[in-house]
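Text of work_11.txt (compact mmCIF, C-alpha atoms) as supplied:
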```txt
# COMPACT_ATOMS: atom_id res chain seq x y z
CA MET A 1 10.16 -1.37 -3.35
CA LYS A 2 10.30 -0.79 0.40
CA LYS A 3 7.23 0.04 2.45
CA ILE A 4 7.38 2.32 5.46
CA LEU A 5 5.68 2.51 8.82
CA PHE A 6 5.69 6.17 9.90
CA ILE A 7 5.12 5.73 13.63
CA ASP A 8 4.03 8.51 15.97
CA ARG A 9 5.44 8.50 19.50
CA ASP A 10 3.27 10.31 22.09
CA GLY A 11 -0.17 8.74 22.38
CA THR A 12 0.88 5.85 20.14
CA ILE A 13 3.98 4.21 21.63
CA ILE A 14 3.72 5.92 25.02
CA ARG A 15 0.80 7.56 26.78
CA GLU A 16 0.51 11.31 26.43
CA PRO A 17 0.02 13.24 29.72
CA GLU A 18 -2.37 16.17 30.07
CA ASP A 19 0.39 18.75 29.59
CA GLU A 20 1.48 16.88 26.40
CA GLN A 21 5.13 16.79 27.49
CA ILE A 22 6.93 13.63 28.55
CA ASP A 23 9.80 15.44 30.25
CA SER A 24 10.31 13.11 33.21
CA PHE A 25 10.35 9.38 33.89
CA GLU A 26 7.37 9.78 36.23
CA LYS A 27 5.21 10.57 33.20
CA LEU A 28 6.41 7.63 31.12
CA GLN A 29 3.96 4.81 30.41
CA PHE A 30 3.94 2.55 27.36
CA VAL A 31 0.63 2.08 25.56
CA PRO A 32 -0.54 -1.53 26.14
CA ARG A 33 0.49 -4.04 23.43
CA THR A 34 2.74 -1.52 21.72
CA ILE A 35 6.03 -3.29 22.34
CA SER A 36 4.79 -6.77 21.40
CA SER A 37 3.04 -5.38 18.32
CA LEU A 38 6.10 -3.51 17.05
CA ALA A 39 8.28 -6.55 17.80
CA PHE A 40 5.97 -8.76 15.72
CA LEU A 41 5.96 -6.36 12.79
CA ARG A 42 9.74 -5.93 12.98
CA GLN A 43 10.27 -9.69 13.03
CA HIS A 44 7.72 -10.74 10.40
CA THR A 45 7.74 -7.87 7.88
CA ASP A 46 10.32 -5.85 5.99
CA TYR A 47 8.81 -2.42 6.68
CA HIS A 48 11.20 0.50 7.09
CA PHE A 49 10.50 1.85 10.62
CA VAL A 50 10.44 5.65 10.91
CA MET A 51 9.49 7.48 14.10
CA VAL A 52 7.92 10.88 13.34
CA SER A 53 7.07 13.06 16.32
CA ASN A 54 6.06 16.67 17.01
CA GLN A 55 7.72 17.91 20.21
CA ASP A 56 6.38 21.40 20.78
CA GLY A 57 9.12 23.82 21.79
CA LEU A 58 11.85 21.24 22.25
CA GLY A 59 15.04 23.12 23.11
CA THR A 60 13.23 26.12 24.62
CA PRO A 61 13.29 26.98 28.35
CA ALA A 62 9.81 25.47 28.67
CA PHE A 63 11.02 22.13 27.30
CA PRO A 64 14.82 21.88 27.57
CA GLU A 65 16.50 19.05 25.69
CA ASN A 66 18.07 17.62 28.86
CA THR A 67 14.56 16.63 30.03
CA PHE A 68 13.66 15.04 26.67
CA TRP A 69 16.61 12.87 25.68
CA PRO A 70 16.91 10.69 28.80
CA VAL A 71 13.27 9.60 28.39
CA GLN A 72 13.62 9.27 24.62
CA ASN A 73 16.73 7.13 24.95
CA PHE A 74 15.07 4.94 27.57
CA ILE A 75 12.14 4.36 25.18
CA LEU A 76 14.51 3.41 22.36
CA ASP A 77 16.60 1.16 24.63
CA THR A 78 13.48 -0.62 25.89
CA LEU A 79 12.27 -1.24 22.34
CA ARG A 80 15.74 -2.29 21.24
CA GLY A 81 15.70 -4.90 24.01
CA GLU A 82 12.73 -6.46 22.20
CA GLU A 83 14.56 -6.22 18.85
CA VAL A 84 12.60 -3.17 17.72
CA GLU A 85 15.00 -0.84 15.93
CA PHE A 86 14.00 2.35 14.12
CA ASP A 87 15.65 2.96 10.78
CA ASP A 88 15.11 6.69 11.15
CA ILE A 89 13.93 9.08 13.87
CA LEU A 90 12.48 12.43 12.81
CA ILE A 91 11.52 15.02 15.44
CA ASP A 92 10.06 18.45 14.79
CA PRO A 93 10.51 21.01 17.63
CA HIS A 94 8.22 23.77 16.32
CA PHE A 95 5.07 25.14 17.93
CA PRO A 96 1.81 24.94 15.95
CA GLU A 97 1.75 28.71 15.43
CA ASP A 98 5.13 28.51 13.68
CA ASN A 99 3.43 26.84 10.69
CA ALA A 100 6.65 24.98 9.99
CA PRO A 101 6.65 22.78 6.85
CA THR A 102 8.30 20.03 8.89
CA ARG A 103 5.60 19.81 11.55
CA LYS A 104 2.93 17.14 11.13
CA PRO A 105 0.57 17.11 9.30
CA GLN A 106 2.96 18.88 6.91
CA THR A 107 5.35 16.52 5.15
CA GLY A 108 8.68 18.35 5.22
CA LEU A 109 10.37 15.76 7.43
CA VAL A 110 9.49 12.82 5.19
CA GLU A 111 9.75 14.27 1.69
CA LYS A 112 13.05 12.46 1.23
CA TYR A 113 11.03 9.23 1.29
CA MET A 114 8.16 10.58 -0.77
CA ASN A 115 10.56 11.61 -3.54
CA ASP A 116 12.58 8.40 -3.51
CA PRO A 117 11.31 5.79 -6.05
CA GLU A 118 12.85 3.09 -3.86
CA TYR A 119 9.90 3.43 -1.49
CA ASP A 120 6.32 2.30 -1.99
CA ILE A 121 4.49 5.20 -0.37
CA ALA A 122 1.01 4.02 -1.42
CA GLY A 123 1.67 0.70 0.33
CA SER A 124 2.97 2.38 3.48
CA TYR A 125 1.15 3.46 6.65
CA VAL A 126 1.14 6.14 9.30
CA ILE A 127 0.42 4.70 12.75
CA GLY A 128 -0.85 7.40 15.08
CA ASP A 129 -3.49 8.53 17.53
CA ARG A 130 -4.49 12.03 16.44
CA GLU A 131 -6.44 13.61 13.64
CA THR A 132 -3.19 15.35 12.64
CA ASP A 133 -1.69 11.88 12.08
CA ARG A 134 -4.60 11.00 9.83
CA ARG A 135 -4.09 14.19 7.82
CA PHE A 136 -0.35 13.52 7.77
CA ALA A 137 -1.08 10.14 6.12
CA GLU A 138 -3.40 11.79 3.59
CA ASN A 139 -0.74 14.38 2.75
CA ILE A 140 1.88 11.68 2.28
CA GLY A 141 -0.48 9.53 0.22
CA CYS A 142 -0.39 6.41 2.37
CA GLY A 143 -2.74 4.51 4.68
CA PHE A 144 -3.56 5.40 8.28
CA LEU A 145 -3.84 3.05 11.26
CA GLN A 146 -5.55 4.58 14.29
CA ILE A 147 -4.28 3.87 17.80
CA ASP A 148 -6.37 4.49 20.91
CA ALA A 149 -4.21 4.36 24.03
CA ASN A 150 -7.26 3.25 26.04
CA ASP A 151 -8.13 0.41 23.66
CA PRO A 152 -5.42 -2.26 23.48
CA ALA A 153 -7.28 -3.91 20.59
CA SER A 154 -6.41 -0.93 18.39
CA TRP A 155 -2.82 -2.16 18.17
CA ASP A 156 -4.14 -5.63 17.26
CA ARG A 157 -6.07 -4.09 14.39
CA ALA A 158 -3.03 -2.10 13.25
CA VAL A 159 -0.87 -5.23 13.24
CA SER A 160 -3.55 -7.22 11.42
CA ILE A 161 -3.74 -4.71 8.57
CA ALA A 162 -0.03 -3.90 8.37
CA TYR A 163 0.82 -7.61 8.25
CA GLY A 164 -2.16 -9.23 6.52
CA GLY A 165 -3.31 -6.32 4.37
CA GLU A 166 -6.52 -4.33 4.26
CA ARG A 167 -9.75 -6.26 3.84
CA THR A 168 -11.75 -3.92 1.69
CA ALA A 169 -13.68 -4.62 -1.47
CA GLU A 170 -16.22 -3.06 -3.77
CA VAL A 171 -18.73 -4.53 -6.18
CA LYS A 172 -20.77 -2.91 -8.92
CA ARG A 173 -23.76 -4.88 -10.17
CA THR A 174 -25.82 -3.45 -13.00
CA THR A 175 -28.76 -5.17 -14.67
CA LYS A 176 -31.90 -3.96 -16.43
CA GLU A 177 -33.61 -4.10 -13.03
CA THR A 178 -31.04 -2.70 -10.60
CA ASP A 179 -27.89 -0.61 -10.39
CA ILE A 180 -25.97 -1.42 -7.22
CA PHE A 181 -22.70 -0.28 -5.66
CA VAL A 182 -21.36 -1.89 -2.49
CA ARG A 183 -18.12 -1.06 -0.74
CA LEU A 184 -17.05 -2.44 2.64
CA ASP A 185 -14.17 -2.65 5.08
CA LEU A 186 -14.25 -5.74 7.29
CA ASP A 187 -11.90 -4.03 9.76
CA GLY A 188 -13.87 -0.80 10.00
CA SER A 189 -15.71 0.86 12.87
CA GLY A 190 -19.33 0.47 11.74
CA ARG A 191 -19.64 3.60 9.60
CA CYS A 192 -22.59 3.24 7.24
CA ASN A 193 -23.89 5.09 4.20
CA ILE A 194 -26.85 3.09 2.93
CA LYS A 195 -29.55 4.08 0.45
CA THR A 196 -31.65 1.40 -1.20
CA GLY A 197 -34.93 3.27 -1.56
CA LEU A 198 -36.46 1.09 1.17
CA GLY A 199 -36.26 2.68 4.60
CA PHE A 200 -36.71 -0.49 6.64
CA PHE A 201 -34.22 -2.38 4.47
CA ASP A 202 -31.68 0.42 5.01
CA HIS A 203 -32.27 0.08 8.76
CA MET A 204 -31.62 -3.67 8.64
CA LEU A 205 -28.48 -3.36 6.53
CA GLU A 206 -27.19 -0.73 8.94
CA GLN A 207 -27.39 -3.34 11.72
CA ILE A 208 -24.82 -5.41 9.82
CA GLY A 209 -22.39 -2.51 9.75
CA LYS A 210 -22.96 -1.12 13.23
CA HIS A 211 -22.98 -4.42 15.13
CA GLY A 212 -20.45 -6.14 12.89
CA GLY A 213 -17.82 -3.40 13.03
CA ILE A 214 -17.95 -3.24 9.23
CA ASP A 215 -17.84 0.00 7.25
CA LEU A 216 -20.62 -0.25 4.68
CA ASP A 217 -21.42 1.91 1.68
CA ILE A 218 -24.44 0.57 -0.21
CA GLN A 219 -26.09 2.60 -2.98
CA VAL A 220 -28.99 1.07 -4.89
CA ARG A 221 -31.26 2.18 -7.69
CA GLY A 222 -33.88 -0.47 -8.35
CA ASP A 223 -37.17 -0.91 -10.16
CA LEU A 224 -39.27 -0.18 -7.07
CA HIS A 225 -42.08 0.91 -9.38
CA VAL A 226 -42.43 -2.81 -10.14
CA ASP A 227 -41.88 -4.18 -6.64
CA GLU A 228 -39.17 -4.68 -4.01
CA HIS A 229 -37.97 -8.13 -5.10
CA HIS A 230 -35.09 -7.21 -7.42
CA THR A 231 -33.75 -4.48 -5.13
CA ILE A 232 -33.57 -6.75 -2.08
CA GLU A 233 -32.29 -9.88 -3.79
CA ASP A 234 -29.68 -8.14 -5.95
CA THR A 235 -28.40 -6.13 -2.97
CA ALA A 236 -27.88 -9.40 -1.12
CA LEU A 237 -25.96 -10.85 -4.07
CA ALA A 238 -23.71 -7.78 -4.34
CA LEU A 239 -23.12 -7.65 -0.57
CA GLY A 240 -22.29 -11.36 -0.42
CA GLU A 241 -19.85 -11.06 -3.31
CA CYS A 242 -18.21 -8.07 -1.62
CA ILE A 243 -17.75 -9.98 1.66
CA LEU A 244 -16.20 -12.89 -0.21
CA LYS A 245 -13.76 -10.60 -2.06
CA ALA A 246 -12.76 -8.78 1.14
CA LEU A 247 -12.01 -12.06 2.93
CA GLY A 248 -9.33 -12.86 0.36
CA ASP A 249 -7.57 -16.14 1.08
CA LYS A 250 -9.25 -16.36 4.54
CA ARG A 251 -5.95 -17.02 6.31
CA GLY A 252 -6.13 -16.43 10.05
CA ILE A 253 -9.91 -15.90 10.25
CA GLU A 254 -12.00 -17.49 12.98
CA ARG A 255 -14.32 -18.84 10.24
CA TYR A 256 -17.34 -19.53 12.50
CA GLY A 257 -19.80 -17.30 14.37
CA TYR A 258 -23.17 -17.24 16.15
CA CYS A 259 -26.22 -15.74 18.10
CA LEU A 260 -28.42 -13.05 19.91
CA PRO A 261 -31.53 -12.37 22.05
CA MET A 262 -33.66 -9.23 21.48
CA ASP A 263 -36.46 -8.41 23.93
CA ASP A 264 -39.13 -11.11 23.50
CA CYS A 265 -37.19 -12.83 20.70
CA LEU A 266 -34.38 -15.31 20.56
CA CYS A 267 -32.54 -15.19 17.26
CA SER A 268 -29.55 -17.28 16.32
CA VAL A 269 -27.40 -17.05 13.24
CA ALA A 270 -24.65 -19.65 13.01
CA LEU A 271 -22.37 -19.26 10.02
CA ASP A 272 -19.35 -20.89 8.45
CA PHE A 273 -17.12 -19.38 5.78
CA GLY A 274 -16.25 -22.86 4.61
CA GLY A 275 -16.81 -22.16 0.92
CA ARG A 276 -20.00 -24.23 0.69
CA PRO A 277 -23.17 -22.06 0.56
CA TRP A 278 -26.18 -23.46 2.38
CA LEU A 279 -29.14 -21.89 4.16
CA VAL A 280 -31.24 -23.36 6.94
CA TRP A 281 -34.16 -21.00 7.58
CA ASP A 282 -36.39 -21.52 10.62
CA ALA A 283 -38.33 -18.28 11.05
CA GLU A 284 -41.98 -17.50 10.42
CA PHE A 285 -43.59 -14.08 10.06
CA ASN A 286 -47.29 -13.41 10.44
CA ARG A 287 -47.31 -9.96 8.84
CA GLU A 288 -47.11 -9.43 5.09
CA ARG A 289 -44.84 -6.43 5.44
CA ILE A 290 -42.57 -4.72 7.93
CA GLY A 291 -42.11 -1.18 6.76
CA GLU A 292 -41.89 -1.31 2.97
CA MET A 293 -40.25 -4.73 3.06
CA PRO A 294 -42.30 -7.86 2.23
CA THR A 295 -41.58 -10.52 4.86
CA GLU A 296 -41.40 -13.18 2.13
CA MET A 297 -38.22 -11.45 0.94
CA PHE A 298 -36.32 -12.15 4.15
CA LEU A 299 -35.69 -15.74 3.05
CA HIS A 300 -34.65 -14.56 -0.43
CA PHE A 301 -32.21 -12.05 1.04
CA PHE A 302 -30.39 -14.54 3.22
CA LYS A 303 -30.38 -17.25 0.55
CA SER A 304 -28.81 -14.85 -1.97
CA LEU A 305 -26.33 -13.59 0.62
CA SER A 306 -25.31 -17.14 1.52
CA ASP A 307 -24.87 -18.12 -2.13
CA ALA A 308 -22.78 -15.08 -3.08
CA ALA A 309 -20.56 -15.11 0.03
CA LYS A 310 -20.17 -18.91 -0.14
CA MET A 311 -21.12 -19.28 3.50
CA ASN A 312 -23.27 -21.70 5.43
CA LEU A 313 -26.07 -19.88 7.28
CA ASN A 314 -28.26 -21.49 9.91
CA ILE A 315 -30.94 -19.00 11.00
CA ARG A 316 -33.56 -19.52 13.67
CA ALA A 317 -35.91 -17.03 15.33
CA GLU A 318 -38.72 -17.25 17.85
CA GLY A 319 -40.81 -14.52 19.46
CA GLN A 320 -43.99 -12.46 19.11
CA ASN A 321 -42.88 -9.07 17.78
CA GLU A 322 -42.24 -9.34 14.04
CA HIS A 323 -40.06 -6.22 13.90
CA HIS A 324 -37.94 -7.51 16.77
CA LYS A 325 -37.58 -10.91 15.14
CA ILE A 326 -36.14 -9.71 11.87
CA GLU A 327 -34.03 -7.00 13.51
CA GLY A 328 -32.72 -9.63 15.91
CA ILE A 329 -31.78 -11.84 12.96
CA PHE A 330 -29.86 -9.03 11.26
CA LYS A 331 -28.07 -8.14 14.50
CA ALA A 332 -27.24 -11.79 15.10
CA LEU A 333 -25.87 -11.99 11.58
CA ALA A 334 -23.73 -8.92 12.29
CA ARG A 335 -22.30 -10.38 15.49
CA SER A 336 -21.68 -13.69 13.77
CA LEU A 337 -19.85 -11.94 10.95
CA LYS A 338 -17.76 -9.99 13.44
CA MET A 339 -16.71 -13.20 15.15
CA ALA A 340 -16.14 -15.20 11.98
CA VAL A 341 -14.06 -12.61 10.08
CA ARG A 342 -11.87 -11.80 13.08
CA ARG A 343 -8.29 -12.32 11.93
CA ASP A 344 -5.46 -13.54 14.15
CA VAL A 345 -2.18 -12.77 12.40
CA TYR A 346 -0.28 -14.48 15.22
CA HIS A 347 -1.85 -17.74 14.04
CA TYR A 348 -1.97 -17.02 10.34
CA ASP A 349 -3.13 -20.39 9.11
CA LEU A 350 -6.02 -21.49 6.95
CA PRO A 351 -8.73 -22.73 9.35
CA SER A 352 -9.36 -25.99 7.54
CA THR A 353 -7.96 -29.52 7.54
CA LYS A 354 -8.66 -29.63 3.80
CA GLY A 355 -6.04 -27.01 3.01
CA MET A 356 -8.58 -24.79 1.23
CA LEU A 357 -11.79 -22.87 1.88
```

Let me see whether you can do it: turn the structure in this file into structure tokens.
Amino acid sequence: MKKILFIDRDGTIIREPEDEQIDSFEKLQFVPRTISSLAFLRQHTDYHFVMVSNQDGLGTPAFPENTFWPVQNFILDTLRGEEVEFDDILIDPHFPEDNAPTRKPQTGLVEKYMNDPEYDIAGSYVIGDRETDRRFAENIGCGFLQIDANDPASWDRAVSIAYGGERTAEVKRTTKETDIFVRLDLDGSGRCNIKTGLGFFDHMLEQIGKHGGIDLDIQVRGDLHVDEHHTIEDTALALGECILKALGDKRGIERYGYCLPMDDCLCSVALDFGGRPWLVWDAEFNRERIGEMPTEMFLHFFKSLSDAAKMNLNIRAEGQNEHHKIEGIFKALARSLKMAVRRDVYHYDLPSTKGML
């Protein structure tokens, strides 16, 4: 079955001006990394390329076709020069108030693909910059890859997912002591929904998501009427397992990561996704608790996380403020994770001389 990239034009391939009409060459600017990204995907994948664009009022006196097609053809010729050919180009000329079934986010223009069993719609993507593109993807039933014209790295992320696949995973862990659900996206934006029953623990786990660029959903019901031990340790095991699953075969990842200062503290977390769990822990705490979290559980958390994710963790912290120390460690872990899981699809090799991780 064929997969499709439904690619928006204005704001995605080329920059969109304030008046939202590219009706002259003076307004034409390509979004950075667009051409090289599309060329890579065209060369290294078998996606069907379909341009889908709303062009409000095309053909009316306010936007005559003779101002649209010269720019459109120049865009296509430029892309064609880099071996980027579109298999189909679909343009809707209606205004929003027309409520046309062919105008994004409605699916009228692409229903021929949606109704054709030759195409794998669930494995396809919309690449676009607007909320309407996101809703268009939802209406089609495929994935969505967000482009920000002011952030060249957004095209890198789109290429990474379209080529290497999404790096999401979920884990359910249920015992007589805890009931845990963890879902994450290693290529997320730091969105977090975390409830463990321990406020300070939630705050620390949120650091991993926010500073690691990882979307995290962690829901825990534990035997807190006994103590905090099972909740903290089992959450670490579930989170570590989820990270390991999301990494998949680890091709193209940086593999290593490290470090962070925070106010009076210097915290370093060096890690290696080499497949051999090990923890070096060099951090002392002089308080019994921080929030509801026993400080003795910090070691247990990171040991369980290391074991389940099969990663080497080397953690060191120095400083006077106990809250800052542990928060610094979690933030350093987040930054280390962000560095280590970064995927380079342009060098899509396994980062090991052994041939396995």

Which polymer residues have any atom within 8 Å of an atom of segment 91-102 of chain A, counting all atoms listed in the file, with same-chain residues fewer than 4 positions away left out, as a short mmCIF file (atom, residue, chain, number, x, y, z; two decimals) with C-alpha atoms, in the coordinates of the input?
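Saved to result37.cif:
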```cif
data_model
loop_
_atom_site.label_atom_id
_atom_site.label_comp_id
_atom_site.auth_asym_id
_atom_site.auth_seq_id
_atom_site.Cartn_x
_atom_site.Cartn_y
_atom_site.Cartn_z
CA MET A 51 9.49 7.48 14.10
CA VAL A 52 7.92 10.88 13.34
CA SER A 53 7.07 13.06 16.32
CA ASN A 54 6.06 16.67 17.01
CA GLN A 55 7.72 17.91 20.21
CA ASP A 56 6.38 21.40 20.78
CA GLY A 57 9.12 23.82 21.79
CA LEU A 58 11.85 21.24 22.25
CA GLY A 59 15.04 23.12 23.11
CA GLN A 106 2.96 18.88 6.91
CA THR A 107 5.35 16.52 5.15
CA GLY A 108 8.68 18.35 5.22
CA LEU A 109 10.37 15.76 7.43
#
```

Could you name the residues that touch Glu177 of chain A at 8 Å or less, counting all atoms listed in the file, but leaving out those on the same chain fewer than 4 positions away, as a PyMOL selection string? chain A and resi 222-223+230-231

Go through A:Asn73, A:Ser268, A:Thr196, A:Asn321 and flag the residue nearest Glu228 of chain A, using all atoms listed in the file for the distances.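 Comparing A:Asn73, A:Ser268, A:Thr196, A:Asn321 against Glu228 of chain A, the winner is A:Thr196.
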
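Computed from the coordinates, the atom CA of Pro70 of chain A to atom CA of Leu90 of chain A distance equals 16.7 Å.
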
Which distance in Å separates atom CA of Glu327 of chain A and atom CA of Asp185 of chain A, to one decimal?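 It comes out at 22.0 Å.
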
Between atom CA of Val341 of chain A and atom CA of Leu247 of chain A - distance in Å to one decimal: 7.5 Å

Under the rule of at most 8 Å, produce a per-residue listing of segment 261-285 of chain A near segment 300-315 of chain A: chain, number, name, the closest pair of atoms, and the distance in Å, as a Markdown table, using only C-alpha atoms.
```
| residue | atom | partner | partner_atom | distance |
| --- | --- | --- | --- | --- |
| A:Cys267 | CA | A:Ile315 | CA | 7.5 |
| A:Ser268 | CA | A:Ile315 | CA | 5.8 |
| A:Val269 | CA | A:Ile315 | CA | 4.6 |
| A:Ala270 | CA | A:Asn314 | CA | 5.1 |
| A:Leu271 | CA | A:Leu313 | CA | 4.6 |
| A:Asp272 | CA | A:Asn312 | CA | 5.0 |
| A:Phe273 | CA | A:Met311 | CA | 4.6 |
| A:Gly274 | CA | A:Met311 | CA | 6.1 |
| A:Gly275 | CA | A:Lys310 | CA | 4.8 |
| A:Arg276 | CA | A:Lys310 | CA | 5.4 |
| A:Pro277 | CA | A:Lys310 | CA | 4.4 |
| A:Trp278 | CA | A:Asn312 | CA | 4.6 |
| A:Leu279 | CA | A:Leu313 | CA | 4.8 |
| A:Val280 | CA | A:Asn314 | CA | 4.6 |
| A:Trp281 | CA | A:Ile315 | CA | 5.1 |
| A:Asp282 | CA | A:Ile315 | CA | 6.0 |
| A:Ala283 | CA | A:Ile315 | CA | 7.4 |
```

Residues within 7 Å of segment 32-36 of chain A, please, as JSON, numbers by chain. Count all atoms listed in the file; anything in the same chain fewer than 4 positions from it doesn't count. {"A": [13, 40, 79, 152, 155]}

Can those selected residues be exported to a file as a PDB file, in the coordinates of the input so that it contains C-alpha atoms?
```pdb
ATOM      1  CA  ILE A  13       3.980   4.210  21.630  1.00  0.00           C
ATOM      2  CA  PHE A  40       5.970  -8.760  15.720  1.00  0.00           C
ATOM      3  CA  LEU A  79      12.270  -1.240  22.340  1.00  0.00           C
ATOM      4  CA  PRO A 152      -5.420  -2.260  23.480  1.00  0.00           C
ATOM      5  CA  TRP A 155      -2.820  -2.160  18.170  1.00  0.00           C
TER       6      TRP A 155
END
```

Contacts of Phe74 of chain A at 12 Å (only C-alpha atoms; same-chain gap of 4+ positions) as an MDAnalysis selection string: chainID A and resid 14 22 24:25 28:30 67:70 78:81

List as a compact mmCIF listing (two decimals) with C-alpha atoms, keeping the file's coordinate frame the protein and nucleic acid residues near Met293 of chain A, meaning an atom at most 12 Å away when all atoms listed in the file are counted, but skip any in the same chain fewer than 6 places from it.
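Wrote around_32.txt, looks like this:
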```
# COMPACT_ATOMS: atom_id res chain seq x y z
CA THR A 196 -31.65 1.40 -1.20
CA GLY A 197 -34.93 3.27 -1.56
CA LEU A 198 -36.46 1.09 1.17
CA GLY A 199 -36.26 2.68 4.60
CA PHE A 200 -36.71 -0.49 6.64
CA PHE A 201 -34.22 -2.38 4.47
CA ASP A 202 -31.68 0.42 5.01
CA HIS A 203 -32.27 0.08 8.76
CA MET A 204 -31.62 -3.67 8.64
CA LEU A 224 -39.27 -0.18 -7.07
CA ASP A 227 -41.88 -4.18 -6.64
CA GLU A 228 -39.17 -4.68 -4.01
CA HIS A 229 -37.97 -8.13 -5.10
CA HIS A 230 -35.09 -7.21 -7.42
CA THR A 231 -33.75 -4.48 -5.13
CA ILE A 232 -33.57 -6.75 -2.08
CA GLU A 233 -32.29 -9.88 -3.79
CA ARG A 287 -47.31 -9.96 8.84
CA LEU A 299 -35.69 -15.74 3.05
CA HIS A 300 -34.65 -14.56 -0.43
CA PHE A 301 -32.21 -12.05 1.04
CA HIS A 323 -40.06 -6.22 13.90
CA ILE A 326 -36.14 -9.71 11.87
```

Compute the distance from (-32.3, -11.7, 13.9) to each atom, counting only C-alpha atoms, keep the residues with any atom at most 9 Å away, and return them as a ChimeraX atom specification; use the coordinates of the file. /A:259-262,265-269,315-317,324-333

Mind dumping the selected residues with C-alpha atoms as a short mmCIF file (atom, residue, chain, number, x, y, z; two decimals), in the coordinates of the input?
```cif
data_model
loop_
_atom_site.label_atom_id
_atom_site.label_comp_id
_atom_site.auth_asym_id
_atom_site.auth_seq_id
_atom_site.Cartn_x
_atom_site.Cartn_y
_atom_site.Cartn_z
CA CYS A 259 -26.22 -15.74 18.10
CA LEU A 260 -28.42 -13.05 19.91
CA PRO A 261 -31.53 -12.37 22.05
CA MET A 262 -33.66 -9.23 21.48
CA CYS A 265 -37.19 -12.83 20.70
CA LEU A 266 -34.38 -15.31 20.56
CA CYS A 267 -32.54 -15.19 17.26
CA SER A 268 -29.55 -17.28 16.32
CA VAL A 269 -27.40 -17.05 13.24
CA ILE A 315 -30.94 -19.00 11.00
CA ARG A 316 -33.56 -19.52 13.67
CA ALA A 317 -35.91 -17.03 15.33
CA HIS A 324 -37.94 -7.51 16.77
CA LYS A 325 -37.58 -10.91 15.14
CA ILE A 326 -36.14 -9.71 11.87
CA GLU A 327 -34.03 -7.00 13.51
CA GLY A 328 -32.72 -9.63 15.91
CA ILE A 329 -31.78 -11.84 12.96
CA PHE A 330 -29.86 -9.03 11.26
CA LYS A 331 -28.07 -8.14 14.50
CA ALA A 332 -27.24 -11.79 15.10
CA LEU A 333 -25.87 -11.99 11.58
#
```

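Restricting the calculation to only C-alpha atoms, the smallest distance between His211 of chain A and any of A:Gly240, A:Ser336, A:Ile180, A:Glu166 is found for A:Ser336.
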
Residue list as a PyMOL selection string for point (-7.2, -12.7, 9.1), cut-off 12 Å, all atoms listed in the file: chain A and resi 156-157+159-167+186-187+246-255+338-351

Please produce an output containing C-alpha atoms for each residue in the selection, written as a PDB file, keeping the file's coordinate frame.
```
ATOM      1  CA  ASP A 156      -4.140  -5.630  17.260  1.00  0.00           C
ATOM      2  CA  ARG A 157      -6.070  -4.090  14.390  1.00  0.00           C
ATOM      3  CA  VAL A 159      -0.870  -5.230  13.240  1.00  0.00           C
ATOM      4  CA  SER A 160      -3.550  -7.220  11.420  1.00  0.00           C
ATOM      5  CA  ILE A 161      -3.740  -4.710   8.570  1.00  0.00           C
ATOM      6  CA  ALA A 162      -0.030  -3.900   8.370  1.00  0.00           C
ATOM      7  CA  TYR A 163       0.820  -7.610   8.250  1.00  0.00           C
ATOM      8  CA  GLY A 164      -2.160  -9.230   6.520  1.00  0.00           C
ATOM      9  CA  GLY A 165      -3.310  -6.320   4.370  1.00  0.00           C
ATOM     10  CA  GLU A 166      -6.520  -4.330   4.260  1.00  0.00           C
ATOM     11  CA  ARG A 167      -9.750  -6.260   3.840  1.00  0.00           C
ATOM     12  CA  LEU A 186     -14.250  -5.740   7.290  1.00  0.00           C
ATOM     13  CA  ASP A 187     -11.900  -4.030   9.760  1.00  0.00           C
ATOM     14  CA  ALA A 246     -12.760  -8.780   1.140  1.00  0.00           C
ATOM     15  CA  LEU A 247     -12.010 -12.060   2.930  1.00  0.00           C
ATOM     16  CA  GLY A 248      -9.330 -12.860   0.360  1.00  0.00           C
ATOM     17  CA  ASP A 249      -7.570 -16.140   1.080  1.00  0.00           C
ATOM     18  CA  LYS A 250      -9.250 -16.360   4.540  1.00  0.00           C
ATOM     19  CA  ARG A 251      -5.950 -17.020   6.310  1.00  0.00           C
ATOM     20  CA  GLY A 252      -6.130 -16.430  10.050  1.00  0.00           C
ATOM     21  CA  ILE A 253      -9.910 -15.900  10.250  1.00  0.00           C
ATOM     22  CA  GLU A 254     -12.000 -17.490  12.980  1.00  0.00           C
ATOM     23  CA  ARG A 255     -14.320 -18.840  10.240  1.00  0.00           C
ATOM     24  CA  LYS A 338     -17.760  -9.990  13.440  1.00  0.00           C
ATOM     25  CA  MET A 339     -16.710 -13.200  15.150  1.00  0.00           C
ATOM     26  CA  ALA A 340     -16.140 -15.200  11.980  1.00  0.00           C
ATOM     27  CA  VAL A 341     -14.060 -12.610  10.080  1.00  0.00           C
ATOM     28  CA  ARG A 342     -11.870 -11.800  13.080  1.00  0.00           C
ATOM     29  CA  ARG A 343      -8.290 -12.320  11.930  1.00  0.00           C
ATOM     30  CA  ASP A 344      -5.460 -13.540  14.150  1.00  0.00           C
ATOM     31  CA  VAL A 345      -2.180 -12.770  12.400  1.00  0.00           C
ATOM     32  CA  TYR A 346      -0.280 -14.480  15.220  1.00  0.00           C
ATOM     33  CA  HIS A 347      -1.850 -17.740  14.040  1.00  0.00           C
ATOM     34  CA  TYR A 348      -1.970 -17.020  10.340  1.00  0.00           C
ATOM     35  CA  ASP A 349      -3.130 -20.390   9.110  1.00  0.00           C
ATOM     36  CA  LEU A 350      -6.020 -21.490   6.950  1.00  0.00           C
ATOM     37  CA  PRO A 351      -8.730 -22.730   9.350  1.00  0.00           C
TER      38      PRO A 351
END
```
